[in-house]
$ cat input-v7.cif   # mmCIF, C-alpha atoms; chains and numbers go by the auth columns
data_structure
#
loop_
_atom_site.group_PDB
_atom_site.id
_atom_site.type_symbol
_atom_site.label_atom_id
_atom_site.label_comp_id
_atom_site.label_asym_id
_atom_site.label_seq_id
_atom_site.Cartn_x
_atom_site.Cartn_y
_atom_site.Cartn_z
_atom_site.B_iso_or_equiv
_atom_site.auth_seq_id
_atom_site.auth_asym_id
ATOM 1 C CA MET A 1 -37.366 -7.882 -48.640 0.00 1025 F
ATOM 2 C CA ASP A 2 -37.565 -11.611 -49.077 0.00 1026 F
ATOM 3 C CA GLU A 3 -33.963 -11.803 -50.231 0.00 1027 F
ATOM 4 C CA LEU A 4 -31.522 -13.400 -47.882 0.00 1028 F
ATOM 5 C CA ILE A 5 -28.142 -11.818 -47.525 0.00 1029 F
ATOM 6 C CA ALA A 6 -25.340 -14.336 -47.475 0.00 1030 F
ATOM 7 C CA LEU A 7 -22.536 -13.386 -45.109 0.00 1031 F
ATOM 8 C CA ASP A 8 -19.532 -15.517 -44.486 0.00 1032 F
ATOM 9 C CA ARG A 9 -17.926 -15.873 -41.079 0.00 1033 F
ATOM 10 C CA ARG A 10 -15.174 -13.318 -41.816 0.00 1034 F
ATOM 11 C CA GLU A 11 -17.701 -10.561 -42.711 0.00 1035 F
ATOM 12 C CA ILE A 12 -19.724 -11.237 -39.570 0.00 1036 F
ATOM 13 C CA LEU A 13 -16.598 -11.054 -37.394 0.00 1037 F
ATOM 14 C CA LYS A 14 -15.462 -7.799 -39.032 0.00 1038 F
ATOM 15 C CA ALA A 15 -18.883 -6.196 -38.567 0.00 1039 F
ATOM 16 C CA SER A 16 -19.269 -7.338 -34.963 0.00 1040 F
ATOM 17 C CA ALA A 17 -15.709 -6.240 -34.104 0.00 1041 F
ATOM 18 C CA GLY A 18 -16.500 -2.748 -35.390 0.00 1042 F
ATOM 19 C CA VAL A 19 -19.687 -2.546 -33.357 0.00 1043 F
ATOM 20 C CA LEU A 20 -17.939 -3.913 -30.253 0.00 1044 F
ATOM 21 C CA ALA A 21 -15.102 -1.394 -30.635 0.00 1045 F
ATOM 22 C CA GLY A 22 -17.669 1.394 -30.898 0.00 1046 F
ATOM 23 C CA PHE A 23 -19.329 0.292 -27.661 0.00 1047 F
ATOM 24 C CA VAL A 24 -16.008 -0.041 -25.856 0.00 1048 F
ATOM 25 C CA VAL A 25 -14.847 3.436 -26.894 0.00 1049 F
ATOM 26 C CA ALA A 26 -18.223 4.994 -26.068 0.00 1050 F
ATOM 27 C CA GLY A 27 -18.173 3.481 -22.571 0.00 1051 F
ATOM 28 C CA SER A 28 -14.534 4.238 -21.806 0.00 1052 F
ATOM 29 C CA PRO A 29 -13.003 7.101 -19.829 0.00 1053 F
ATOM 30 C CA LEU A 30 -11.928 8.484 -23.194 0.00 1054 F
ATOM 31 C CA ALA A 31 -15.573 9.188 -23.945 0.00 1055 F
ATOM 32 C CA MET A 32 -15.830 11.092 -20.654 0.00 1056 F
ATOM 33 C CA ILE A 33 -13.063 13.524 -21.504 0.00 1057 F
ATOM 34 C CA ALA A 34 -14.037 13.959 -25.122 0.00 1058 F
ATOM 35 C CA ARG A 35 -15.619 17.362 -25.518 0.00 1059 F
ATOM 36 C CA GLY A 36 -19.152 17.217 -26.671 0.00 1060 F
ATOM 37 C CA ARG A 37 -22.154 19.459 -26.835 0.00 1061 F
ATOM 38 C CA ALA A 38 -24.649 16.899 -25.578 0.00 1062 F
ATOM 39 C CA TRP A 39 -24.659 15.821 -21.961 0.00 1063 F
ATOM 40 C CA ALA A 40 -27.247 15.671 -19.211 0.00 1064 F
ATOM 41 C CA ILE A 41 -27.507 14.890 -15.532 0.00 1065 F
ATOM 42 C CA ASP A 42 -30.447 13.444 -13.682 0.00 1066 F
ATOM 43 C CA LEU A 43 -31.392 15.595 -10.725 0.00 1067 F
ATOM 44 C CA THR A 44 -33.437 13.993 -7.977 0.00 1068 F
ATOM 45 C CA SER A 45 -33.506 16.753 -5.349 0.00 1069 F
ATOM 46 C CA PHE A 46 -33.524 19.908 -7.447 0.00 1070 F
ATOM 47 C CA THR A 47 -35.464 21.344 -10.335 0.00 1071 F
ATOM 48 C CA THR A 48 -33.766 22.056 -13.642 0.00 1072 F
ATOM 49 C CA ALA A 49 -33.750 25.778 -12.836 0.00 1073 F
ATOM 50 C CA GLU A 50 -32.056 25.118 -9.493 0.00 1074 F
ATOM 51 C CA GLY A 51 -29.512 22.854 -11.197 0.00 1075 F
ATOM 52 C CA VAL A 52 -28.732 25.541 -13.768 0.00 1076 F
ATOM 53 C CA ALA A 53 -28.328 28.106 -10.976 0.00 1077 F
ATOM 54 C CA LEU A 54 -25.998 25.766 -9.077 0.00 1078 F
ATOM 55 C CA MET A 55 -23.942 25.235 -12.212 0.00 1079 F
ATOM 56 C CA ALA A 56 -23.708 28.993 -12.818 0.00 1080 F
ATOM 57 C CA ALA A 57 -22.646 29.447 -9.183 0.00 1081 F
ATOM 58 C CA THR A 58 -19.955 26.756 -9.389 0.00 1082 F
ATOM 59 C CA ARG A 59 -18.660 28.185 -12.662 0.00 1083 F
ATOM 60 C CA THR A 60 -18.544 31.651 -11.057 0.00 1084 F
ATOM 61 C CA ILE A 61 -16.780 30.384 -7.926 0.00 1085 F
ATOM 62 C CA MET A 62 -14.138 28.443 -9.890 0.00 1086 F
ATOM 63 C CA PRO A 63 -14.064 30.042 -13.359 0.00 1087 F
ATOM 64 C CA HIS A 64 -12.192 28.269 -16.142 0.00 1088 F
ATOM 65 C CA ASP A 65 -13.372 29.677 -19.452 0.00 1089 F
ATOM 66 C CA LYS A 66 -12.420 26.704 -21.603 0.00 1090 F
ATOM 67 C CA LEU A 67 -13.335 23.922 -19.164 0.00 1091 F
ATOM 68 C CA ASP A 68 -16.359 22.070 -20.477 0.00 1092 F
ATOM 69 C CA ASP A 69 -19.704 22.560 -18.708 0.00 1093 F
ATOM 70 C CA ALA A 70 -19.854 18.778 -18.183 0.00 1094 F
ATOM 71 C CA ALA A 71 -17.146 19.122 -15.499 0.00 1095 F
ATOM 72 C CA TYR A 72 -19.297 21.619 -13.608 0.00 1096 F
ATOM 73 C CA ALA A 73 -22.336 19.378 -14.119 0.00 1097 F
ATOM 74 C CA LEU A 74 -20.508 16.645 -12.190 0.00 1098 F
ATOM 75 C CA VAL A 75 -20.270 19.061 -9.255 0.00 1099 F
ATOM 76 C CA VAL A 76 -24.008 19.747 -9.434 0.00 1100 F
ATOM 77 C CA LYS A 77 -24.678 15.994 -9.556 0.00 1101 F
ATOM 78 C CA ALA A 78 -22.567 15.483 -6.412 0.00 1102 F
ATOM 79 C CA ILE A 79 -24.467 18.281 -4.632 0.00 1103 F
ATOM 80 C CA ASP A 80 -27.734 16.677 -5.741 0.00 1104 F
ATOM 81 C CA ARG A 81 -26.614 13.309 -4.332 0.00 1105 F
ATOM 82 C CA ASP A 82 -25.755 14.936 -0.993 0.00 1106 F
ATOM 83 C CA ALA A 83 -29.114 16.710 -0.891 0.00 1107 F
ATOM 84 C CA ASP A 84 -30.881 13.471 -1.747 0.00 1108 F
ATOM 85 C CA LYS A 85 -29.359 11.829 1.347 0.00 1109 F
ATOM 86 C CA ASP A 86 -30.117 14.631 3.829 0.00 1110 F
ATOM 87 C CA GLU A 87 -33.303 16.696 4.034 0.00 1111 F
ATOM 88 C CA LEU A 88 -31.609 19.524 5.960 0.00 1112 F
ATOM 89 C CA THR A 89 -28.892 19.826 3.297 0.00 1113 F
ATOM 90 C CA ARG A 90 -31.545 19.918 0.579 0.00 1114 F
ATOM 91 C CA LYS A 91 -33.417 22.640 2.457 0.00 1115 F
ATOM 92 C CA TRP A 92 -30.509 25.053 2.891 0.00 1116 F
ATOM 93 C CA ILE A 93 -29.225 24.500 -0.639 0.00 1117 F
ATOM 94 C CA LYS A 94 -32.692 25.298 -2.026 0.00 1118 F
ATOM 95 C CA GLU A 95 -32.846 28.371 0.219 0.00 1119 F
ATOM 96 C CA GLY A 96 -29.346 29.395 -0.870 0.00 1120 F
ATOM 97 C CA VAL A 97 -30.200 29.079 -4.558 0.00 1121 F
ATOM 98 C CA ALA A 98 -33.379 31.086 -3.995 0.00 1122 F
ATOM 99 C CA GLY A 99 -31.301 33.710 -2.154 0.00 1123 F
ATOM 100 C CA LEU A 100 -29.145 34.216 -5.240 0.00 1124 F
ATOM 101 C CA GLY A 101 -32.124 35.755 -6.985 0.00 1125 F
ATOM 102 C CA ALA A 102 -34.186 35.033 -10.079 0.00 1126 F
ATOM 103 C CA GLY A 103 -31.800 36.796 -12.466 0.00 1127 F
ATOM 104 C CA PHE A 104 -28.638 35.116 -11.187 0.00 1128 F
ATOM 105 C CA VAL A 105 -28.166 32.746 -14.129 0.00 1129 F
ATOM 106 C CA GLN A 106 -28.786 35.396 -16.796 0.00 1130 F
ATOM 107 C CA GLY A 107 -26.666 38.025 -15.030 0.00 1131 F
ATOM 108 C CA THR A 108 -23.207 39.074 -16.106 0.00 1132 F
ATOM 109 C CA GLU A 109 -20.225 37.548 -14.354 0.00 1133 F
ATOM 110 C CA SER A 110 -19.746 40.656 -12.217 0.00 1134 F
ATOM 111 C CA GLU A 111 -23.427 40.519 -11.171 0.00 1135 F
ATOM 112 C CA ARG A 112 -23.068 36.830 -10.266 0.00 1136 F
ATOM 113 C CA VAL A 113 -19.908 37.580 -8.274 0.00 1137 F
ATOM 114 C CA ALA A 114 -21.742 40.347 -6.398 0.00 1138 F
ATOM 115 C CA ALA A 115 -24.654 38.004 -5.625 0.00 1139 F
ATOM 116 C CA LEU A 116 -22.250 35.348 -4.336 0.00 1140 F
ATOM 117 C CA LYS A 117 -20.369 37.891 -2.227 0.00 1141 F
ATOM 118 C CA LYS A 118 -23.652 38.669 -0.453 0.00 1142 F
ATOM 119 C CA VAL A 119 -23.989 35.028 0.649 0.00 1143 F
ATOM 120 C CA GLU A 120 -20.263 34.415 1.114 0.00 1144 F
ATOM 121 C CA SER A 121 -20.554 33.887 4.884 0.00 1145 F
ATOM 122 C CA SER A 122 -23.474 31.463 4.627 0.00 1146 F
ATOM 123 C CA GLU A 123 -23.313 27.708 5.097 0.00 1147 F
ATOM 124 C CA PHE A 124 -24.702 27.389 1.563 0.00 1148 F
ATOM 125 C CA PHE A 125 -21.750 29.211 0.001 0.00 1149 F
ATOM 126 C CA ARG A 126 -19.116 27.464 2.121 0.00 1150 F
ATOM 127 C CA ALA A 127 -20.546 24.036 1.277 0.00 1151 F
ATOM 128 C CA LEU A 128 -20.915 24.930 -2.409 0.00 1152 F
ATOM 129 C CA ARG A 129 -17.326 26.150 -2.626 0.00 1153 F
ATOM 130 C CA LEU A 130 -15.992 23.094 -0.791 0.00 1154 F
ATOM 131 C CA LYS A 131 -17.928 20.631 -2.954 0.00 1155 F
ATOM 132 C CA THR A 132 -16.836 22.490 -6.088 0.00 1156 F
ATOM 133 C CA VAL A 133 -13.168 22.194 -5.142 0.00 1157 F
ATOM 134 C CA GLN A 134 -13.522 18.548 -4.097 0.00 1158 F
ATOM 135 C CA VAL A 135 -15.375 17.369 -7.189 0.00 1159 F
ATOM 136 C CA LEU A 136 -14.330 19.704 -9.993 0.00 1160 F
ATOM 137 C CA TYR A 137 -10.611 19.165 -9.611 0.00 1161 F
ATOM 138 C CA ALA A 138 -10.959 15.394 -9.167 0.00 1162 F
ATOM 139 C CA THR A 139 -12.584 14.692 -12.541 0.00 1163 F
ATOM 140 C CA PRO A 140 -10.945 13.294 -15.660 0.00 1164 F
ATOM 141 C CA LEU A 141 -12.254 16.350 -17.538 0.00 1165 F
ATOM 142 C CA ALA A 142 -10.292 18.676 -15.276 0.00 1166 F
ATOM 143 C CA TYR A 143 -7.243 16.398 -15.393 0.00 1167 F
ATOM 144 C CA ALA A 144 -7.243 16.600 -19.186 0.00 1168 F
ATOM 145 C CA TYR A 145 -7.861 20.364 -19.138 0.00 1169 F
ATOM 146 C CA PHE A 146 -5.008 21.094 -16.724 0.00 1170 F
ATOM 147 C CA GLY A 147 -2.620 18.487 -18.152 0.00 1171 F
ATOM 148 C CA TYR A 148 -2.483 16.404 -14.963 0.00 1172 F
ATOM 149 C CA GLU A 149 -1.359 12.878 -15.805 0.00 1173 F
ATOM 150 C CA GLY A 150 -2.509 11.316 -12.540 0.00 1174 F
ATOM 151 C CA GLU A 151 -0.577 9.909 -9.631 0.00 1175 F
ATOM 152 C CA ALA A 152 3.020 8.950 -10.366 0.00 1176 F
ATOM 153 C CA PHE A 153 3.778 6.143 -7.922 0.00 1177 F
ATOM 154 C CA SER A 154 2.440 3.371 -10.140 0.00 1178 F
ATOM 155 C CA LYS A 155 4.397 4.814 -13.072 0.00 1179 F
ATOM 156 C CA GLY A 156 7.760 4.917 -11.299 0.00 1180 F
ATOM 157 C CA GLY A 157 7.476 8.300 -9.603 0.00 1181 F
ATOM 158 C CA TYR A 158 8.142 11.821 -10.825 0.00 1182 F
ATOM 159 C CA LEU A 159 11.921 11.916 -10.627 0.00 1183 F
ATOM 160 C CA PHE A 160 12.531 10.378 -14.047 0.00 1184 F
ATOM 161 C CA ARG A 161 9.068 11.026 -15.479 0.00 1185 F
ATOM 162 C CA GLY A 162 7.834 14.586 -15.560 0.00 1186 F
ATOM 163 C CA PHE A 163 9.700 16.036 -12.603 0.00 1187 F
ATOM 164 C CA ASN A 164 11.475 18.557 -14.770 0.00 1188 F
ATOM 165 C CA ASP A 165 8.705 19.266 -17.305 0.00 1189 F
ATOM 166 C CA LEU A 166 8.380 22.877 -16.230 0.00 1190 F
ATOM 167 C CA HIS A 167 9.302 24.442 -19.537 0.00 1191 F
ATOM 168 C CA TRP A 168 7.978 27.842 -18.479 0.00 1192 F
ATOM 169 C CA LEU A 169 10.678 28.180 -15.771 0.00 1193 F
ATOM 170 C CA PRO A 170 14.156 29.407 -16.652 0.00 1194 F
ATOM 171 C CA GLU A 171 16.977 26.846 -16.523 0.00 1195 F
ATOM 172 C CA VAL A 172 18.830 26.781 -13.210 0.00 1196 F
ATOM 173 C CA PRO A 173 22.597 27.235 -13.505 0.00 1197 F
ATOM 174 C CA PRO A 174 24.429 23.942 -12.761 0.00 1198 F
ATOM 175 C CA ARG A 175 26.261 25.437 -9.749 0.00 1199 F
ATOM 176 C CA ASP A 176 22.866 26.216 -8.123 0.00 1200 F
ATOM 177 C CA SER A 177 21.044 23.011 -9.035 0.00 1201 F
ATOM 178 C CA GLY A 178 22.529 20.634 -6.457 0.00 1202 F
ATOM 179 C CA PRO A 179 23.564 17.033 -7.049 0.00 1203 F
ATOM 180 C CA MET A 180 22.160 15.231 -10.055 0.00 1204 F
ATOM 181 C CA PRO A 181 20.088 12.129 -9.342 0.00 1205 F
ATOM 182 C CA VAL A 182 21.585 8.810 -10.287 0.00 1206 F
ATOM 183 C CA SER A 183 19.929 7.300 -13.320 0.00 1207 F
ATOM 184 C CA ARG A 184 18.595 3.779 -13.048 0.00 1208 F
#
$ encode --input "input-v7.cif" --output "structure tokens"
Amino acid sequence: MDELIALDRREILKASAGVLAGFVVAGSPLAMIARGRAWAIDLTSFTTAEGVALMAATRTIMPHDKLDDAAYALVVKAIDRDADKDELTRKWIKEGVAGLGAGFVQGTESERVAALKKVESSEFFRALRLKTVQVLYATPLAYAYFGYEGEAFSKGGYLFRGFNDLHWLPEVPPRDSGPMPVSR
């Protein structure tokens, strides 16, 4: 252990560049959309059981089988933030989760749908559905899942970039397609 390791400047730069690149990639949006098994959210207003129930409810309201749970966890985190700011919101969300029943999370999808249908007219359900739509579909995880490339204005618009990428539609006959746009 008393041996000194002699490193020249080039070796130090190569090693530090590799470490720096690792940190940059790990902290980038790329790391957010990379599927992984390990993720966690810090809940301040709800217990873990309530958070799991909220996540099961959001996944039941907007089901996408292959969308990573981390996308739904972002919805739960947003609900937690809202509840942290307002005591009344926290109260009716806790009451709504309790109203879903103890077996909600472990139930089958049809049982979860039935439980949600019972509370469909409540403020809890309306707020949960609204927050799910607002947050879930505005995340980079959902963008990657659905193939959304983001807004087009900064990239020159859709006309010459992706406007006609609908490969699942049949080709329109030229006589029905209207005038062709002028290329730049």
$ residues_around --input "input-v7.cif" --residues "F:Ser1146" --least-positions-apart "6" --cutoff "10 Å" --atoms "only C-alpha atoms" --output "list in words"
Trp1116, Gly1120, Leu1140 and Leu1152 of chain F
$ residues_around --input "input-v7.cif" --residues "stretch 1085-1099 of chain F" --least-positions-apart "4" --cutoff "10 Å" --atoms "all atoms listed in the file" --output "PyMOL selection string"
chain F and resi 1056-1065+1075-1076+1078-1081+1103-1105+1133+1136-1137+1140+1149+1152-1153+1155-1166+1168-1170
$ atom_distance --input "input-v7.cif" --atom1 "atom CA of F:Ser1069" --atom2 "atom CA of F:Arg1114"
7.0 Å
$ atom_distance --input "input-v7.cif" --atom1 "atom CA of F:Val1100" --atom2 "atom CA of F:Thr1082"
8.1 Å
$ closest_residue --input "input-v7.cif" --among "F:Pro1197, F:Gly1123, F:Gly1174, F:Pro1203" --to "F:Phe1148" --atoms "only C-alpha atoms"
F:Gly1123
$ decode --input "input-v7.cif" --residues "stretch 1114-1158 of chain F" --atoms "N, CA and C atoms" --output "mmCIF file, in the first residue's frame"
data_model
loop_
_atom_site.group_PDB
_atom_site.id
_atom_site.type_symbol
_atom_site.label_atom_id
_atom_site.label_comp_id
_atom_site.auth_asym_id
_atom_site.auth_seq_id
_atom_site.Cartn_x
_atom_site.Cartn_y
_atom_site.Cartn_z
ATOM 1 N N ARG F 1114 -54.897 17.801 0.466
ATOM 2 C CA ARG F 1114 -54.335 16.606 1.094
ATOM 3 C C ARG F 1114 -55.439 15.782 1.741
ATOM 4 N N LYS F 1115 -56.370 16.459 2.397
ATOM 5 C CA LYS F 1115 -57.443 15.768 3.113
ATOM 6 C C LYS F 1115 -58.331 14.978 2.146
ATOM 7 N N TRP F 1116 -58.801 15.614 1.065
ATOM 8 C CA TRP F 1116 -59.717 14.867 0.199
ATOM 9 C C TRP F 1116 -59.015 13.838 -0.667
ATOM 10 N N ILE F 1117 -57.720 14.009 -0.915
ATOM 11 C CA ILE F 1117 -56.997 12.950 -1.628
ATOM 12 C C ILE F 1117 -56.827 11.742 -0.706
ATOM 13 N N LYS F 1118 -56.476 11.983 0.554
ATOM 14 C CA LYS F 1118 -56.347 10.877 1.512
ATOM 15 C C LYS F 1118 -57.687 10.163 1.677
ATOM 16 N N GLU F 1119 -58.769 10.929 1.757
ATOM 17 C CA GLU F 1119 -60.097 10.326 1.882
ATOM 18 C C GLU F 1119 -60.461 9.539 0.619
ATOM 19 N N GLY F 1120 -60.094 10.082 -0.538
ATOM 20 C CA GLY F 1120 -60.369 9.395 -1.798
ATOM 21 C C GLY F 1120 -59.608 8.087 -1.918
ATOM 22 N N VAL F 1121 -58.343 8.103 -1.522
ATOM 23 C CA VAL F 1121 -57.542 6.869 -1.558
ATOM 24 C C VAL F 1121 -58.131 5.849 -0.596
ATOM 25 N N ALA F 1122 -58.520 6.303 0.589
ATOM 26 C CA ALA F 1122 -59.128 5.389 1.564
ATOM 27 C C ALA F 1122 -60.444 4.830 1.018
ATOM 28 N N GLY F 1123 -61.184 5.646 0.266
ATOM 29 C CA GLY F 1123 -62.453 5.209 -0.309
ATOM 30 C C GLY F 1123 -62.298 4.153 -1.397
ATOM 31 N N LEU F 1124 -61.101 4.038 -1.952
ATOM 32 C CA LEU F 1124 -60.873 3.012 -2.973
ATOM 33 C C LEU F 1124 -60.840 1.615 -2.368
ATOM 34 N N GLY F 1125 -60.557 1.545 -1.088
ATOM 35 C CA GLY F 1125 -60.552 0.252 -0.411
ATOM 36 C C GLY F 1125 -59.166 -0.309 -0.217
ATOM 37 N N ALA F 1126 -59.046 -1.188 0.780
ATOM 38 C CA ALA F 1126 -57.743 -1.763 1.138
ATOM 39 C C ALA F 1126 -57.187 -2.680 0.058
ATOM 40 N N GLY F 1127 -58.038 -3.354 -0.689
ATOM 41 C CA GLY F 1127 -57.570 -4.295 -1.702
ATOM 42 C C GLY F 1127 -57.435 -3.702 -3.091
ATOM 43 N N PHE F 1128 -57.512 -2.375 -3.203
ATOM 44 C CA PHE F 1128 -57.483 -1.739 -4.515
ATOM 45 C C PHE F 1128 -56.205 -2.063 -5.293
ATOM 46 N N VAL F 1129 -55.070 -1.921 -4.660
ATOM 47 C CA VAL F 1129 -53.788 -2.115 -5.351
ATOM 48 C C VAL F 1129 -53.621 -3.555 -5.809
ATOM 49 N N GLN F 1130 -54.008 -4.520 -4.980
ATOM 50 C CA GLN F 1130 -53.825 -5.926 -5.323
ATOM 51 C C GLN F 1130 -54.921 -6.457 -6.244
ATOM 52 N N GLY F 1131 -55.990 -5.685 -6.434
ATOM 53 C CA GLY F 1131 -57.106 -6.155 -7.248
ATOM 54 C C GLY F 1131 -56.753 -6.271 -8.719
ATOM 55 N N THR F 1132 -57.585 -6.992 -9.443
ATOM 56 C CA THR F 1132 -57.401 -7.100 -10.888
ATOM 57 C C THR F 1132 -57.757 -5.767 -11.523
ATOM 58 N N GLU F 1133 -57.432 -5.613 -12.781
ATOM 59 C CA GLU F 1133 -57.736 -4.342 -13.452
ATOM 60 C C GLU F 1133 -59.239 -4.076 -13.466
ATOM 61 N N SER F 1134 -60.032 -5.100 -13.703
ATOM 62 C CA SER F 1134 -61.487 -4.896 -13.724
ATOM 63 C C SER F 1134 -62.017 -4.505 -12.342
ATOM 64 N N GLU F 1135 -61.416 -5.025 -11.279
ATOM 65 C CA GLU F 1135 -61.814 -4.635 -9.918
ATOM 66 C C GLU F 1135 -61.403 -3.189 -9.633
ATOM 67 N N ARG F 1136 -60.233 -2.792 -10.119
ATOM 68 C CA ARG F 1136 -59.795 -1.398 -9.932
ATOM 69 C C ARG F 1136 -60.685 -0.440 -10.726
ATOM 70 N N VAL F 1137 -61.058 -0.846 -11.939
ATOM 71 C CA VAL F 1137 -61.956 -0.011 -12.748
ATOM 72 C C VAL F 1137 -63.299 0.142 -12.037
ATOM 73 N N ALA F 1138 -63.826 -0.933 -11.490
ATOM 74 C CA ALA F 1138 -65.098 -0.875 -10.769
ATOM 75 C C ALA F 1138 -65.002 0.037 -9.551
ATOM 76 N N ALA F 1139 -63.896 -0.040 -8.824
ATOM 77 C CA ALA F 1139 -63.703 0.832 -7.653
ATOM 78 C C ALA F 1139 -63.627 2.289 -8.077
ATOM 79 N N LEU F 1140 -62.952 2.566 -9.192
ATOM 80 C CA LEU F 1140 -62.857 3.949 -9.668
ATOM 81 C C LEU F 1140 -64.182 4.458 -10.205
ATOM 82 N N LYS F 1141 -64.975 3.577 -10.810
ATOM 83 C CA LYS F 1141 -66.293 3.985 -11.297
ATOM 84 C C LYS F 1141 -67.197 4.427 -10.146
ATOM 85 N N LYS F 1142 -67.002 3.822 -8.970
ATOM 86 C CA LYS F 1142 -67.812 4.192 -7.807
ATOM 87 C C LYS F 1142 -67.515 5.617 -7.341
ATOM 88 N N VAL F 1143 -66.288 6.082 -7.562
ATOM 89 C CA VAL F 1143 -65.909 7.427 -7.106
ATOM 90 C C VAL F 1143 -65.756 8.401 -8.276
ATOM 91 N N GLU F 1144 -66.253 7.989 -9.434
ATOM 92 C CA GLU F 1144 -66.079 8.761 -10.664
ATOM 93 C C GLU F 1144 -66.619 10.189 -10.579
ATOM 94 N N SER F 1145 -67.663 10.413 -9.810
ATOM 95 C CA SER F 1145 -68.262 11.748 -9.720
ATOM 96 C C SER F 1145 -67.644 12.600 -8.614
ATOM 97 N N SER F 1146 -66.687 12.041 -7.885
ATOM 98 C CA SER F 1146 -66.101 12.779 -6.764
ATOM 99 C C SER F 1146 -65.034 13.773 -7.225
ATOM 100 N N GLU F 1147 -64.790 14.749 -6.395
ATOM 101 C CA GLU F 1147 -63.721 15.723 -6.652
ATOM 102 C C GLU F 1147 -62.367 15.013 -6.709
ATOM 103 N N PHE F 1148 -62.198 14.013 -5.872
ATOM 104 C CA PHE F 1148 -60.955 13.225 -5.860
ATOM 105 C C PHE F 1148 -60.666 12.636 -7.239
ATOM 106 N N PHE F 1149 -61.648 11.964 -7.825
ATOM 107 C CA PHE F 1149 -61.434 11.324 -9.121
ATOM 108 C C PHE F 1149 -61.196 12.360 -10.211
ATOM 109 N N ARG F 1150 -62.001 13.424 -10.223
ATOM 110 C CA ARG F 1150 -61.834 14.440 -11.270
ATOM 111 C C ARG F 1150 -60.445 15.072 -11.197
ATOM 112 N N ALA F 1151 -59.995 15.378 -9.983
ATOM 113 C CA ALA F 1151 -58.663 15.980 -9.829
ATOM 114 C C ALA F 1151 -57.563 14.982 -10.189
ATOM 115 N N LEU F 1152 -57.742 13.733 -9.813
ATOM 116 C CA LEU F 1152 -56.751 12.697 -10.128
ATOM 117 C C LEU F 1152 -56.649 12.486 -11.640
ATOM 118 N N ARG F 1153 -57.774 12.432 -12.301
ATOM 119 C CA ARG F 1153 -57.769 12.264 -13.761
ATOM 120 C C ARG F 1153 -57.137 13.469 -14.452
ATOM 121 N N LEU F 1154 -57.482 14.670 -14.012
ATOM 122 C CA LEU F 1154 -56.924 15.876 -14.610
ATOM 123 C C LEU F 1154 -55.406 15.942 -14.422
ATOM 124 N N LYS F 1155 -54.944 15.692 -13.214
ATOM 125 C CA LYS F 1155 -53.505 15.739 -12.942
ATOM 126 C C LYS F 1155 -52.775 14.649 -13.717
ATOM 127 N N THR F 1156 -53.400 13.492 -13.870
ATOM 128 C CA THR F 1156 -52.786 12.411 -14.637
ATOM 129 C C THR F 1156 -52.597 12.828 -16.086
ATOM 130 N N VAL F 1157 -53.614 13.411 -16.680
ATOM 131 C CA VAL F 1157 -53.512 13.857 -18.074
ATOM 132 C C VAL F 1157 -52.457 14.953 -18.201
ATOM 133 N N GLN F 1158 -52.488 15.922 -17.284
ATOM 134 C CA GLN F 1158 -51.564 17.053 -17.364
ATOM 135 C C GLN F 1158 -50.108 16.635 -17.212
#
